[in-house]
>>> print(open('structure_9.txt').read())   # compact mmCIF, C-alpha atoms
# COMPACT_ATOMS: atom_id res chain seq x y z
CA MET Y 1 144.00 153.37 62.43
CA ARG Y 2 142.71 156.81 63.40
CA ILE Y 3 141.49 156.19 66.94
CA GLU Y 4 141.23 159.17 69.30
CA PRO Y 5 142.67 158.79 72.84
CA ASP Y 6 140.25 157.01 75.19
CA ALA Y 7 138.08 155.96 72.25
CA LYS Y 8 137.09 152.38 71.51
CA PHE Y 9 136.72 150.72 68.13
CA GLY Y 10 135.23 147.72 66.37
CA ALA Y 11 136.87 146.55 63.15
CA PHE Y 12 137.02 143.89 60.52
CA PHE Y 13 139.99 143.24 58.25
CA LEU Y 14 140.37 140.98 55.20
CA SER Y 15 143.98 140.35 54.25
CA ARG Y 16 144.95 140.33 50.55
CA CYS Y 17 141.38 141.21 49.63
CA ASP Y 18 140.56 142.07 46.00
CA VAL Y 19 139.73 145.78 46.05
CA ALA Y 20 138.93 148.21 43.25
CA PRO Y 21 141.14 151.24 42.53
CA ASP Y 22 138.56 153.66 43.97
CA VAL Y 23 138.99 152.31 47.52
CA PRO Y 24 141.13 154.89 49.40
CA THR Y 25 144.20 154.06 51.44
CA GLU Y 26 142.37 155.35 54.51
CA GLU Y 27 139.37 157.65 54.72
CA GLU Y 28 136.51 158.53 57.05
CA ILE Y 29 133.41 157.85 54.96
CA GLU Y 30 130.91 158.69 57.70
CA PRO Y 31 131.45 160.25 61.14
CA GLY Y 32 133.27 157.62 63.16
CA LEU Y 33 133.35 155.11 60.28
CA TRP Y 34 136.61 154.50 58.43
CA ILE Y 35 137.74 152.40 55.50
CA SER Y 36 141.36 151.39 55.04
CA ARG Y 37 143.57 149.16 52.90
CA ARG Y 38 145.77 148.33 55.90
CA LEU Y 39 145.10 147.37 59.50
CA GLY Y 40 147.59 149.97 60.64
CA LEU Y 41 148.35 148.95 64.22
CA ASP Y 42 151.15 147.15 66.01
CA ILE Y 43 150.52 143.55 67.05
CA PRO Y 44 151.66 142.97 70.66
CA ASP Y 45 153.94 140.01 71.33
CA HIS Y 46 151.32 138.17 73.39
CA TRP Y 47 148.91 138.29 70.42
CA ARG Y 48 151.62 136.85 68.17
CA THR Y 49 152.11 134.01 70.68
CA TRP Y 50 148.39 133.33 71.03
CA LEU Y 51 147.36 133.62 67.37
CA GLY Y 52 150.56 132.41 65.76
CA SER Y 53 152.93 134.15 63.38
CA LEU Y 54 151.01 133.18 60.22
CA GLU Y 55 147.83 134.85 61.47
CA THR Y 56 149.52 138.00 62.77
CA ASP Y 57 151.75 138.32 59.69
CA GLU Y 58 148.59 138.37 57.55
CA MET Y 59 147.38 141.37 59.57
CA ARG Y 60 150.31 143.32 58.16
CA LYS Y 61 149.36 142.63 54.53
CA ASP Y 62 147.36 145.00 52.36
CA GLY Y 63 143.68 144.21 52.14
CA LEU Y 64 140.41 145.79 53.20
CA GLY Y 65 139.38 147.00 56.61
CA MET Y 66 136.49 148.96 58.06
CA TYR Y 67 136.32 150.24 61.60
CA VAL Y 68 133.93 152.24 63.75
CA THR Y 69 134.99 154.38 66.68
CA ALA Y 70 133.30 156.00 69.66
CA PRO Y 71 134.55 157.90 72.73
CA SER Y 72 134.38 155.96 75.98
CA ALA Y 73 133.85 157.06 79.57
CA HIS Y 74 135.53 153.84 80.71
CA PRO Y 75 138.29 152.99 78.24
CA GLU Y 76 139.91 150.67 80.77
CA GLU Y 77 136.90 148.32 80.74
CA ASN Y 78 135.65 145.70 78.30
CA ASN Y 79 131.92 146.28 78.46
CA GLY Y 80 128.80 146.78 76.36
CA GLU Y 81 130.53 149.51 74.36
CA ASN Y 82 133.01 146.96 73.02
CA VAL Y 83 130.24 144.48 72.24
CA ALA Y 84 128.25 147.10 70.35
CA LEU Y 85 131.24 148.31 68.31
CA GLN Y 86 132.34 144.80 67.36
CA GLY Y 87 128.73 144.00 66.50
CA ARG Y 88 128.58 147.01 64.17
CA ALA Y 89 131.80 145.90 62.47
CA ASN Y 90 130.37 142.39 62.07
CA ASP Y 91 127.17 143.83 60.54
CA LEU Y 92 129.27 145.77 58.02
CA LEU Y 93 131.19 142.61 57.14
CA ASN Y 94 127.93 140.71 56.64
CA GLY Y 95 126.61 143.56 54.49
CA LEU Y 96 129.65 143.11 52.29
CA LEU Y 97 129.54 139.29 52.21
CA LEU Y 98 125.87 139.27 51.23
CA GLN Y 99 127.03 140.81 47.96
CA GLY Y 100 129.74 138.28 47.24
CA VAL Y 101 132.98 136.69 48.39
CA PRO Y 102 136.16 138.43 47.25
CA ARG Y 103 139.55 136.76 47.11
CA ILE Y 104 140.92 136.93 50.65
CA GLU Y 105 143.60 135.10 52.59
CA ARG Y 106 142.37 135.57 56.17
CA GLY Y 107 139.87 137.71 57.98
CA PHE Y 108 138.81 138.66 61.48
CA VAL Y 109 136.52 140.92 63.51
CA ALA Y 110 137.96 142.65 66.58
CA HIS Y 111 137.43 145.37 69.14
CA GLY Y 112 139.86 147.50 71.11
CA VAL Y 113 140.77 150.90 72.49
CA ASN Y 114 143.28 153.72 72.26
CA ARG Y 115 144.59 153.64 75.83
CA GLU Y 116 147.12 156.35 76.69
CA GLY Y 117 148.17 156.74 73.07
CA SER Y 118 148.48 153.00 72.37
CA VAL Y 119 145.92 151.36 70.08
CA GLN Y 120 145.24 147.93 71.58
CA ILE Y 121 143.18 144.95 70.45
CA ARG Y 122 141.03 143.73 73.34
CA GLY Y 123 139.06 141.00 71.58
CA TYR Y 124 139.46 139.04 68.36
CA SER Y 125 137.29 136.59 66.38
CA PRO Y 126 138.87 134.89 63.33
CA MET Y 127 136.69 134.55 60.27
CA ASP Y 128 135.84 131.09 58.96
CA HIS Y 129 137.20 130.17 55.56
CA HIS Y 130 135.01 131.62 52.82
CA TYR Y 131 134.72 130.05 49.37
CA ARG Y 132 134.09 131.76 46.06
CA THR Y 133 131.71 130.32 43.52
CA ALA Y 134 133.80 129.05 40.59
CA GLY Y 135 133.54 131.48 37.69
CA ILE Y 136 132.32 134.48 39.74
CA GLU Y 137 134.78 137.27 40.45
CA PHE Y 138 133.93 139.85 43.12
CA ALA Y 139 136.15 142.83 43.90
CA VAL Y 140 135.20 145.40 46.53
CA GLY Y 141 134.86 148.99 45.37
CA MET Y 142 133.24 151.99 46.99
CA ARG Y 143 129.88 151.05 45.42
CA GLU Y 144 129.98 147.77 47.31
CA VAL Y 145 131.13 149.54 50.48
CA ARG Y 146 128.25 152.03 50.32
CA ARG Y 147 125.80 149.21 49.68
CA ALA Y 148 127.24 147.31 52.67
CA LEU Y 149 126.35 150.27 54.92
CA ILE Y 150 122.70 150.11 53.82
CA LEU Y 151 122.52 146.33 54.10
CA ALA Y 152 124.17 146.37 57.54
CA SER Y 153 121.60 148.87 58.78
CA ARG Y 154 118.69 146.82 57.46
CA LEU Y 155 120.12 143.57 58.85
CA ARG Y 156 120.39 145.17 62.29
CA GLN Y 157 116.83 146.52 61.96
CA ILE Y 158 115.32 143.10 61.32
CA GLU Y 159 117.52 141.27 63.83
CA ASP Y 160 116.53 143.77 66.58
CA SER Y 161 112.80 143.71 65.78
CA GLN Y 162 110.98 143.74 69.12
CA GLU Y 163 108.05 141.83 67.61
CA LYS Y 164 110.37 139.10 66.30
CA HIS Y 165 109.27 139.85 62.75
CA TRP Y 166 111.07 139.02 59.48
CA GLY Y 167 111.70 135.44 60.58
CA ARG Y 168 111.92 134.00 57.06
CA LEU Y 169 114.14 136.86 55.91
CA ILE Y 170 116.48 136.44 58.88
CA ARG Y 171 116.75 132.68 58.36
CA GLY Y 172 117.26 133.21 54.63
CA THR Y 173 120.07 135.74 55.06
CA ARG Y 174 121.79 133.48 57.58
CA THR Y 175 121.55 130.61 55.10
CA LEU Y 176 123.00 132.78 52.35
CA LEU Y 177 125.90 133.76 54.59
CA LEU Y 178 126.32 130.07 55.45
CA ALA Y 179 126.55 129.28 51.72
CA ASN Y 180 129.64 131.52 51.61
CA ARG Y 181 131.34 129.08 53.96
CA GLN Y 182 130.45 125.96 51.98
CA SER Y 183 132.50 124.41 49.21
CA ASN Y 184 130.70 122.85 46.26
CA GLU Y 185 132.65 119.59 46.23
CA VAL Y 186 129.49 117.58 46.93
CA GLY Y 187 126.97 120.31 46.09
CA ASP Y 188 126.65 121.88 49.55
CA ARG Y 189 127.06 125.39 48.18
CA VAL Y 190 124.27 125.21 45.58
CA HIS Y 191 122.12 123.47 48.19
CA GLN Y 192 122.41 126.42 50.57
CA PHE Y 193 121.79 129.03 47.87
CA VAL Y 194 118.54 127.30 46.89
CA ARG Y 195 117.52 126.97 50.55
CA ALA Y 196 118.12 130.69 51.00
CA LEU Y 197 115.86 131.40 48.02
CA GLU Y 198 113.16 129.25 49.62
CA GLY Y 199 113.17 131.76 52.46
CA VAL Y 200 111.93 134.36 49.97
CA ILE Y 201 109.75 132.13 47.77
CA LYS Y 202 107.95 130.31 50.64
CA PRO Y 203 107.01 127.20 48.65
CA ARG Y 204 104.05 125.15 49.80
CA ILE Y 205 104.65 121.83 51.52
CA GLY Y 206 103.91 119.19 48.93
CA GLY Y 207 104.24 121.64 46.06
CA SER Y 208 107.73 122.96 46.72
CA ARG Y 209 109.32 122.04 43.39
CA ASN Y 210 106.66 123.60 41.18
CA ASP Y 211 106.30 126.62 43.48
CA PHE Y 212 110.03 127.22 43.35
CA ALA Y 213 109.99 127.28 39.54
CA HIS Y 214 106.75 129.27 39.28
CA LYS Y 215 107.43 131.91 41.94
CA GLY Y 216 111.11 132.06 41.00
CA GLN Y 217 110.02 133.67 37.72
CA THR Y 218 109.02 136.76 39.71
CA LEU Y 219 112.69 137.16 40.69
CA ALA Y 220 114.10 135.93 37.38
CA LEU Y 221 112.67 136.35 33.88
CA ASN Y 222 109.54 134.47 32.88
CA ASN Y 223 110.19 131.95 30.10
CA ALA Y 224 110.30 128.20 29.58
CA GLU Y 225 114.09 127.91 29.72
CA THR Y 226 114.29 129.84 32.99
CA ARG Y 227 111.61 127.56 34.45
CA ASP Y 228 113.67 124.50 33.43
CA VAL Y 229 116.74 125.96 35.15
CA LEU Y 230 114.78 126.67 38.34
CA LEU Y 231 113.37 123.13 38.35
CA GLN Y 232 116.88 121.76 37.94
CA LEU Y 233 118.16 123.95 40.77
CA TYR Y 234 115.48 122.55 43.04
CA ASP Y 235 116.37 119.00 42.00
CA LEU Y 236 120.02 119.66 42.81
CA ARG Y 237 119.03 120.98 46.23
CA SER Y 238 116.92 117.88 46.89
CA HIS Y 239 119.64 115.46 45.80
CA VAL Y 240 122.21 117.11 48.09
CA GLU Y 241 119.66 117.31 50.93
CA HIS Y 242 119.31 113.52 50.77
CA LEU Y 243 123.09 112.98 50.48
CA ASN Y 244 123.00 111.94 46.84
CA VAL Y 245 125.57 112.91 44.20
CA PRO Y 246 124.43 116.23 42.66
CA THR Y 247 125.18 115.20 39.08
CA ASP Y 248 122.61 112.40 39.50
CA ALA Y 249 119.94 115.13 39.42
CA LEU Y 250 120.76 115.81 35.75
CA SER Y 251 119.28 114.07 32.76
CA PRO Y 252 121.43 111.20 31.40
CA GLY Y 253 124.08 112.08 28.85
CA GLY Y 254 127.42 113.80 28.54
CA THR Y 255 130.76 113.13 30.15
CA GLU Y 256 131.29 113.44 33.88
CA ALA Y 257 133.27 116.66 33.29
CA GLN Y 258 130.41 118.13 31.25
CA ARG Y 259 127.90 117.19 33.95
CA ARG Y 260 130.05 118.79 36.66
CA GLU Y 261 130.22 121.96 34.58
CA ILE Y 262 126.42 122.06 34.39
CA VAL Y 263 126.31 121.85 38.20
CA ASN Y 264 128.91 124.63 38.40
CA ARG Y 265 126.86 126.84 36.09
CA ARG Y 266 123.70 126.17 38.08
CA THR Y 267 125.63 127.12 41.22
CA ARG Y 268 126.61 130.44 39.64
CA GLN Y 269 122.99 131.06 38.71
CA ALA Y 270 121.74 130.18 42.20
CA ASP Y 271 124.46 132.35 43.77
CA ALA Y 272 123.53 135.37 41.65
CA LEU Y 273 119.78 134.93 42.10
CA ALA Y 274 119.97 134.50 45.88
CA ARG Y 275 122.10 137.62 46.36
CA PHE Y 276 119.92 139.57 43.93
CA ALA Y 277 116.74 138.62 45.81
CA PHE Y 278 117.92 139.42 49.32
CA ILE Y 279 119.62 142.65 48.34
CA ARG Y 280 116.48 143.76 46.48
CA ILE Y 281 114.28 143.16 49.54
CA LEU Y 282 116.70 144.70 52.04
CA GLU Y 283 117.27 147.81 49.93
CA SER Y 284 113.55 148.41 49.26
CA PRO Y 285 111.49 149.74 52.22
CA GLU Y 286 108.31 148.68 50.42
CA LEU Y 287 109.43 145.10 49.83
CA LEU Y 288 110.93 144.88 53.31
CA GLU Y 289 107.53 145.71 54.77
CA MET Y 290 105.84 143.10 52.54
CA PHE Y 291 108.21 140.43 53.91
CA ARG Y 292 107.72 141.40 57.58
CA THR Y 293 105.56 138.41 58.61
CA ASP Y 294 104.72 134.98 57.20
CA ALA Y 295 101.17 136.21 56.58
CA GLN Y 296 102.44 139.20 54.58
CA VAL Y 297 104.83 136.98 52.61
CA GLY Y 298 101.86 134.76 51.76
CA THR Y 299 99.84 137.81 50.67
CA PHE Y 300 102.65 138.93 48.39
CA TRP Y 301 102.77 135.57 46.63
CA ARG Y 302 98.98 135.43 46.26
CA THR Y 303 98.98 138.81 44.51
CA ASP Y 304 98.14 138.82 40.81
CA TYR Y 305 101.27 137.95 38.80
CA ARG Y 306 101.46 141.25 36.90
CA GLN Y 307 101.04 143.30 40.05
CA ARG Y 308 103.60 141.14 41.86
CA VAL Y 309 106.18 141.71 39.11
CA ARG Y 310 105.47 145.44 39.23
CA LEU Y 311 106.00 145.44 43.02
CA TRP Y 312 109.21 143.44 42.67
CA GLY Y 313 110.76 145.57 39.92
CA ASP Y 314 113.60 144.56 37.61
CA ARG Y 315 114.24 140.83 37.35
CA LEU Y 316 117.47 138.92 36.89
CA ASP Y 317 118.27 137.17 33.60
CA ILE Y 318 119.86 134.02 35.00
CA LEU Y 319 120.23 132.57 31.48
CA ALA Y 320 122.88 135.25 30.81
CA ILE Y 321 125.03 133.76 33.58
CA ARG Y 322 127.34 131.30 31.85
>>> encode(input="structure_9.txt", output="structure tokens")
Amino acid sequence: MRIEPDAKFGAFFLSRCDVAPDVPTEEEIEPGLWISRRLGLDIPDHWRTWLGSLETDEMRKDGLGMYVTAPSAHPEENNGENVALQGRANDLLNGLLLQGVPRIERGFVAHGVNREGSVQIRGYSPMDHHYRTAGIEFAVGMREVRRALILASRLRQIEDSQEKHWGRLIRGTRTLLLANRQSNEVGDRVHQFVRALEGVIKPRIGGSRNDFAHKGQTLALNNAETRDVLLQLYDLRSHVEHLNVPTDALSPGGTEAQRREIVNRRTRQADALARFAFIRILESPELLEMFRTDAQVGTFWRTDYRQRVRLWGDRLDILAIR
């Protein structure tokens, strides 16, 4: 790690992370913001004792790390500077994980300091286990890293809103990030992806199922088969919500293995559509403004269909997701 003397840092690191060939070994991509394939610091003995050898050994593996640095007037103290730097690193990690979950072994977010020539970790938060949606591969390249910077900035903007705006968007992004930490053994993962989409779609109470399918065709293509898929996604969400077996939401017929594969495909479609929707809103200043308040979200969905599609832009073909 390239930390100047008496400078502090915030960092995240994902061991054994799938990265694309264009990710450099170590490079400053913005002033004070670095990307690296290795953590690149010594782990003190007391950290090995506290965290355990398995955890600290993973820190020595290749993977993906990003860290932010800033000079400090009080490098000897853990204070608001450390909190802010670790928060920035966490925002960058969330900006990456909104796009997908790569193969990783372990991950953490930390903060520290270069004190008298020694780079030291002062605080450490292990990352929960993250699951990948079966059939979706996600490797991190520089395109994803650059996008993570934009998404991190927008996430911080809405989280820090003094007027407490963007409530649905904040709750939806948190639900999407929660989906990353859910397995799909009993349908929890697809359940959370659909719930995240409800944060965007804002279905009416009492008309949620039809609204989800109707409004969902602003985000996805507009055709009868897409509508059927969206209706089935909502049924899966409802079955899991009420602790029922997700395959019971499907029409009768087929073997149990075939029915599970339908649920897996629907999960891939919900995964892709949820990420597509939130990234589209967060990357578009115009859409971000339209989703500022509940009243503005309602106005967007009451807009004439053709105008709404024009405002939204390109839509996702979820039928192409096998």
>>> closest_residue(input="structure_9.txt", among="Y:Arg16, Y:Arg38, Y:Arg143, Y:Arg260", to="Met1 of chain Y", atoms="all atoms listed in the file")
Y:Arg38
>>> closest_residue(input="structure_9.txt", among="Y:Thr303, Y:Asn222, Y:Asn244, Y:Ser284", to="Arg315 of chain Y", atoms="only C-alpha atoms")
Y:Asn222
>>> residues_around(input="structure_9.txt", residues="Arg237 of chain Y", least_positions_apart="4", cutoff="8 Å", atoms="all atoms listed in the file", output="list in words")
Gly187, Val190, His191, Gln192, Val194, Arg195, Leu233 and Glu241 of chain Y
>>> write_last_selection(input="structure_9.txt", atoms="C-alpha atoms", output="compact mmCIF listing (two decimals), in the frame of the given file")
# COMPACT_ATOMS: atom_id res chain seq x y z
CA GLY Y 187 126.97 120.31 46.09
CA VAL Y 190 124.27 125.21 45.58
CA HIS Y 191 122.12 123.47 48.19
CA GLN Y 192 122.41 126.42 50.57
CA VAL Y 194 118.54 127.30 46.89
CA ARG Y 195 117.52 126.97 50.55
CA LEU Y 233 118.16 123.95 40.77
CA GLU Y 241 119.66 117.31 50.93
>>> residues_around(input="structure_9.txt", residues="Ala7 of chain Y", least_positions_apart="2", cutoff="7 Å", atoms="all atoms listed in the file", output="PyMOL selection string")
chain Y and resi 3-5+9+69-72+75+113-114
>>> atom_distance(input="structure_9.txt", atom1="atom CA of Ala139 of chain Y", atom2="atom CA of Gly100 of chain Y")
8.5 Å
